[in-house]
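Written below as structure tokens is the structure these notes are about.
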Amino acid sequence: MSFINSFCARCSQELPAGALECGQCHALVHSDTVDKIAARARAYESNGGLPMAREEWLGALRYLPPESEHARWIVAHVRELGASIDSAHGHTGASAGTWAKRLAPLGPLALLAAKFKGFFLLLVKFKSLFSLLAFIGFYWTAFGWKFGVGFAALIFIHEMGHYADIKRRGLPAEMPVFLPGLGAYVKWQALGVSLETRSAISLAGPMAGLLAAGACMLWWRATGSGVAMALGHASALLNALNLIPVWILDGGQAVLALNRSERFVLVLTGISLWYFSGSMIFLLVSAGAAFRLFTRDNPEQPSIAITGYFVMVLAGLAWILLALPGKGLLGR
């Protein structure tokens, strides 16, 4: 690894040769490299390659200040991986043969248990499909098959936006799980990634929802379909609702990378979009952003890219709500 004089990507402060951290804003100099290494390590972990994952994590330590939070987490995680590797391979060779002989009569039971284990693993693997079918059935019963299937498809597209962005970054993630009457979620591990990455992944779902709502709007304009209009309005409204920057909503996670000034931009954006679209949902976005002005999770450094991303998705959803004549909860 070679180091050269450069400038901090965040504050433009000149960095001395060999610097691992900016002396002014404390940003990691090699954060992109660490993210790539972390992605490879997590890919190895998800495929059972724990020794290779451990080597990747150890390699990442070369790019981190020894006392940084990232370095401490990696050291602890490497220890966990080491324990898992030792447990998996063990050091019981002397007694293994003896115990194998003693347990030999239980062989048929072990084979049966293995078969049932495979069955249960198959159920877990397809839990996303089973939950999606239950989700479709719930809304089919409540609103008819056309809207029920279409609405489930829109929620699926939203969640796949998260999933695809996570996998694109080489991070492990499970397929979406659907909760009839409540929503859906994608389970993934966020440790070891930057705030900007977490925020971008949180916004990827609403971005996919925006594109799906736009497709419904084009469908409605081409055919005059009432179902298309209702689906487009519902998708735009729910994705805007999900961008309220509070609690476990996508907006609540995306706002973590924004500093106080950028959160104030969201306040103004929400008020402006409410004025032009007439949808009250954007006032709730403003209210949530105003609340987050006074929480203690404001980062010192700005994230212009995430701010622009957030505002762009909000503006796109407002445009669709303005273009579609449908009305709904907190709509026009």
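Just so we're on the same page: first chain in the structure tokens is A, next is B, and so on; residues restart at 1 for each chain, and ligands are numbered from 1 in the order they show up.
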
* **Selection near Leu50 (chain A), 9 Å with only C-alpha atoms, sequence-local residues under 2 positions removed, as a PyMOL selection string** => chain A and resi 41+44-48+52-55+81-82+84-85

* To do: Skip region 233-247 of chain A itself and residues of its chain fewer than 3 positions away, then list as a count of residues only all residues within 7 Å of it, counting only C-alpha atoms.
  => 22

* Using only C-alpha atoms, pick whichever of A:Tyr163, A:Tyr275, A:Trp220, A:Phe138 has the shortest atom-to-atom distance to Ile201 (chain A). => A:Tyr163

* **Pick from A:Ile74, A:Ile304, A:Val193, A:Leu171, whichever lies nearest to Asp32 (chain A) using only C-alpha atoms** =>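 The closest residue to Asp32 (chain A) is A:Val193.
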
* Which residue out of A:Arg40, A:Ala254, A:Leu218, A:Val78 has the minimum interatomic distance to Leu58 (chain A) when only C-alpha atoms are used? ->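 So, comparing all the options, the nearest one is A:Val78.
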
* Asked: Distance CA of Ile157 (chain A)-CA of Leu203 (chain A), one decimal place?
  ->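 These atoms are spaced 13.1 Å apart.
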